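Reading through the structure tokens given below for one structure.
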Amino acid sequence: MTREDNTKNEKTQSDKKTNILSGLIKKKENSADVFKDGSVSVKNANLWYGDFQALKDVSLEIPDRKVTAFIGPSGCGKSTLLKCLNRMNDLIEGCRIEGRFEVGGTDIYKSADVNLLRKNVGMVFQKPNLFPMSIYDNICYGPRTHGIRKKSELDEIVERSLKEAAMWDEAKNRLSKSALGMSGGQQQRLCIARALAVRPKVLLLDEPTSALDPISTGKIEELTSELKKELTVIIVTHNMQQATRIADKTAFFLLGELIEYSDTEELFINPEDPRTERYITGKFG
Amino acid sequence: MSTRNRYEQELKAISDELIAMQRAVERAIDRAIEAFVTKDKTLAAGTAENDVEINRMERDIEQHCLKVLLMEHPVAGDFREITAALKMITDLERIGDQARDICEIVLQSGDGEYVKKPEHIPRMAKIVSGMVKDSVYSYVNRDLAVATSLDKHDDIVDNIFVEIKDEIVNIIRANKDNAEQAVYFLMIAKYLERIADHAVNIGEWVEYAITGSHH
């Protein structure tokens with residue numbers, strides 16, 4: 001087989017792959033309305049890592065287009081619950097999950113495709129995890145995976161996502177530069193922009209500002225308040241002032257149990273459970 | 001020192017400052033009434049002048065509370081305690097103003113004998129002064145029963161005010177020449193009645209600090 005034949009063969013295979021992928025994508029996109037909104041419902045959630053029970057009969061209803069904060073001491077289950085909401089625990093060996101988890105009325109462990117779920121439920125972690133590629137390519141990664149190839153469409157997505165993440169002005173003249181050359185705060189906002197590029201209905205933030213300075217933290221907090229006009233934000237934070245500043249609702253977890261879940265103002269001014277009061281006033285934890 | 005220990009020390013310091021302000025206010029009421037009963041204008045003038053000290057105490061406690069809010073970011077019961085303290089000092093400062101107002105009436109009134117020896121006003125003042133003391137102590141001791149009982153004392157004070165008003169009407173009816181003195185009596189009784197209302201307000205803030213609900 002000549003080099004030309006090889007190239008031809010590779011191209012045919014690649015076209016075949018693209019066709020299969022775009023078929024799958026079409027199928028997925030047709031079912032994109034499977035999540036009717038960004039509301040989240042958790043019913044009787046129990047989770048074990050081996051013998052250790054990390055979540056104990058947790059039930060809560062998270063409203064659409066609001067910011068909800070999960071607070072509690074380390075190891076209380078708040079990040080575990082967050083990860084359940086886009087099935088990040090699925091691949092952890094020895095992890096067993098019980099209960100019902102719904103996003104937009106759909107049971108995410110029964111009916112939803114994991115890729116489709118993660119398109120609709122984006123996640124940003126404590127440390128920025130950008131790909132070693134340009135700012136532009138980082139943002140286009142998700143849309144390209146979902147079959148968008150047209151340059152003009154990708155350009156539009158990059159501009160919209162960066163604007164929504166309030167960093168268009170900072171990034172517009174360096175789109176082709178490496179994303180890793182940006183500051184920590186900018187990288188974290190770029191991670192949010194990347195998550196927004198596929199238009200999720202829910203955004204999960206796992207301690208997104210714990211490694212950032214107060215100015216970058218302020219920008220992300222401000223951004224969170226803007227984002228809730230379009231989507232549901234669930235944030236795990238150890239910073240209780242941050243929860244009071246940005247969250248509409250707050251859930252307090254302790255040793256895998258949901259102790260109290262109410263409007264943020266109510267929880268921080270007049271908590272019902274003495275354990276919540278002791279934790280938020282620094283009497284333990 | 002842990003943040004929690006530092007916070008508790010700050011809260012203890014604020015409680016001590018509140019007690020000092022309450023004592024200054026109580027002293028002002030007692031002296032104003034003594035100056036009224038004995039027609040001691042020197043005592044009245046000195047007590048009125050001392051109101052600036054009560055105003056200074058209000059500002060100091062206010063600054064202290066704001067500093068704690070800024071530095072410690074208190075929440076839940078801690079937040080309510082500081083908020084209550086901030087509101088209470090406004091009532092205490094107003095009580096100080098009303099004691100000063102009583103002194104000013106003493107300074108304006110003539111030197112002649114009273115048409116009737118004041119009895120109800122000193123009795124009323126004693127109850128009112130006790131209410132102010134109880135209100136602040138209920139904060140310091142987190143005593144909800146004392147804080148909510150202030151309402152009942154206020155009813156007693158209101159009844160005494162009505163008695164005084166009726167008596168004053170009779171005094172004026174008996175001899176119109178006594179009208180000016182009678183009006184001064186009525187004003188003092190009214191200031192005392194207002195002081196009792198401020199003590200009830202303080203009690204309500206204590207209730208908020210303890211339970212989280214406010215009437």
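Each chain of the structure tokens is named A, B, ... in the order shown, its residues numbered from 1; ligands are numbered from 1 in display order.
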Closest pair table for chain B residues within 9 Å of chain A, only C-alpha atoms, as a tab-separated table:
```
residue	atom	partner	partner_atom	distance
B:Thr3	CA	A:Gly282	CA	8.0
B:Arg4	CA	A:Gly282	CA	6.2
B:His73	CA	A:Gln241	CA	7.5
B:Pro74	CA	A:Thr281	CA	6.8
B:Val75	CA	A:Phe268	CA	5.5
B:Ala76	CA	A:Ile269	CA	4.0
B:Gly77	CA	A:Ile269	CA	6.9
B:Asp78	CA	A:Thr281	CA	7.0
B:Phe79	CA	A:Ile269	CA	6.7
B:Arg80	CA	A:Ile269	CA	6.9
B:Thr211	CA	A:Asn270	CA	8.0
B:Gly212	CA	A:Asn270	CA	5.5
B:Ser213	CA	A:Asn270	CA	8.4
```
Report task. For B:Glu104, please output as number ranges by chain all residues within 9 Å (counting only C-alpha atoms; exclusion window: fewer than 4 positions along the same chain). Result -> B: 44-45, 48, 99-100, 108-109
Keeping only N, CA, C and O atoms, write the selected residues to a file as an mmCIF file, in the first residue's frame.
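The file below, result_27.cif, is the result:
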```
data_model
loop_
_atom_site.group_PDB
_atom_site.id
_atom_site.type_symbol
_atom_site.label_atom_id
_atom_site.label_comp_id
_atom_site.auth_asym_id
_atom_site.auth_seq_id
_atom_site.Cartn_x
_atom_site.Cartn_y
_atom_site.Cartn_z
ATOM 1 N N ALA B 44 -29.077 69.351 89.105
ATOM 2 C CA ALA B 44 -29.718 69.249 87.779
ATOM 3 C C ALA B 44 -28.741 69.667 86.675
ATOM 4 O O ALA B 44 -28.612 68.968 85.646
ATOM 5 N N ALA B 45 -28.033 70.777 86.895
ATOM 6 C CA ALA B 45 -27.095 71.279 85.870
ATOM 7 C C ALA B 45 -25.956 70.284 85.645
ATOM 8 O O ALA B 45 -25.594 69.961 84.493
ATOM 9 N N ALA B 48 -27.266 67.200 83.772
ATOM 10 C CA ALA B 48 -27.518 67.507 82.351
ATOM 11 C C ALA B 48 -26.197 67.557 81.577
ATOM 12 O O ALA B 48 -26.092 67.026 80.469
ATOM 13 N N ALA B 99 -33.337 61.909 80.605
ATOM 14 C CA ALA B 99 -32.915 62.305 81.965
ATOM 15 C C ALA B 99 -32.417 63.757 81.924
ATOM 16 O O ALA B 99 -32.717 64.563 82.819
ATOM 17 N N ARG B 100 -31.671 64.101 80.870
ATOM 18 C CA ARG B 100 -31.192 65.485 80.710
ATOM 19 C C ARG B 100 -32.388 66.447 80.555
ATOM 20 O O ARG B 100 -32.394 67.544 81.143
ATOM 21 N N GLN B 108 -35.533 75.164 84.578
ATOM 22 C CA GLN B 108 -36.475 76.201 84.114
ATOM 23 C C GLN B 108 -37.524 76.556 85.169
ATOM 24 O O GLN B 108 -38.093 77.638 85.155
ATOM 25 N N SER B 109 -37.828 75.590 86.051
ATOM 26 C CA SER B 109 -38.940 75.800 86.999
ATOM 27 C C SER B 109 -38.556 76.825 88.069
ATOM 28 O O SER B 109 -37.365 77.026 88.371
#
```
Requested in this report: For B:Glu53, work out the shell of residues within 12 Å, counting only C-alpha atoms and skipping chain neighbours fewer than 5 positions away, then give it as a list in words.
Outcome: Ala20, Met21, Arg23, Ala24, Val25, Ala28, Gly46, Thr47, Ala48, Glu58, Arg59, Asp60, Glu93, Gly96, Asp97 and Arg100 of chain B
Requested in this report: Would you mind reading off the distance between atom CA of A:Ser39 and atom CA of A:Ile220, one decimal, in Å?
Outcome: 21.9 Å
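Using only C-alpha atoms, the protein and nucleic acid residues lying no more than 8 Å from B:Ala189, apart from those fewer than 2 places from it along its own chain, are B:Ile121, B:Met124, B:Phe161, B:Ile164, B:Phe185, B:Leu186, B:Met187, B:Tyr191, B:Leu192, B:Glu193.
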Generate the output file for the selected residues, N, CA, C and O atoms, as an mmCIF file, in the first residue's frame.
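And here is the file that came out, result_19.cif:
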```
data_model
loop_
_atom_site.group_PDB
_atom_site.id
_atom_site.type_symbol
_atom_site.label_atom_id
_atom_site.label_comp_id
_atom_site.auth_asym_id
_atom_site.auth_seq_id
_atom_site.Cartn_x
_atom_site.Cartn_y
_atom_site.Cartn_z
ATOM 1 N N ILE B 121 -44.239 60.574 91.028
ATOM 2 C CA ILE B 121 -43.083 60.629 90.100
ATOM 3 C C ILE B 121 -41.879 59.867 90.665
ATOM 4 O O ILE B 121 -41.292 59.043 89.944
ATOM 5 N N MET B 124 -42.645 56.244 90.252
ATOM 6 C CA MET B 124 -42.558 55.866 88.832
ATOM 7 C C MET B 124 -41.084 55.742 88.408
ATOM 8 O O MET B 124 -40.690 54.786 87.727
ATOM 9 N N PHE B 161 -48.715 56.732 85.128
ATOM 10 C CA PHE B 161 -48.788 57.953 84.310
ATOM 11 C C PHE B 161 -50.230 58.470 84.245
ATOM 12 O O PHE B 161 -50.480 59.677 84.375
ATOM 13 N N ILE B 164 -51.065 60.102 87.469
ATOM 14 C CA ILE B 164 -50.436 61.429 87.566
ATOM 15 C C ILE B 164 -51.219 62.434 86.702
ATOM 16 O O ILE B 164 -51.512 63.555 87.138
ATOM 17 N N PHE B 185 -44.778 68.875 85.823
ATOM 18 C CA PHE B 185 -44.992 67.536 86.400
ATOM 19 C C PHE B 185 -45.359 66.538 85.298
ATOM 20 O O PHE B 185 -44.828 65.427 85.231
ATOM 21 N N LEU B 186 -46.288 66.988 84.458
ATOM 22 C CA LEU B 186 -46.788 66.097 83.408
ATOM 23 C C LEU B 186 -45.673 65.730 82.421
ATOM 24 O O LEU B 186 -45.553 64.574 81.985
ATOM 25 N N MET B 187 -44.843 66.754 82.092
ATOM 26 C CA MET B 187 -43.743 66.488 81.152
ATOM 27 C C MET B 187 -42.749 65.482 81.733
ATOM 28 O O MET B 187 -42.294 64.559 81.037
ATOM 29 N N TYR B 191 -41.680 61.916 80.239
ATOM 30 C CA TYR B 191 -40.306 61.466 79.948
ATOM 31 C C TYR B 191 -40.053 60.101 80.594
ATOM 32 O O TYR B 191 -39.459 59.210 79.979
ATOM 33 N N LEU B 192 -40.541 59.950 81.835
ATOM 34 C CA LEU B 192 -40.326 58.652 82.510
ATOM 35 C C LEU B 192 -41.077 57.534 81.778
ATOM 36 O O LEU B 192 -40.558 56.419 81.633
ATOM 37 N N GLU B 193 -42.269 57.867 81.312
ATOM 38 C CA GLU B 193 -43.050 56.862 80.581
ATOM 39 C C GLU B 193 -42.318 56.448 79.301
ATOM 40 O O GLU B 193 -42.277 55.277 78.933
#
```
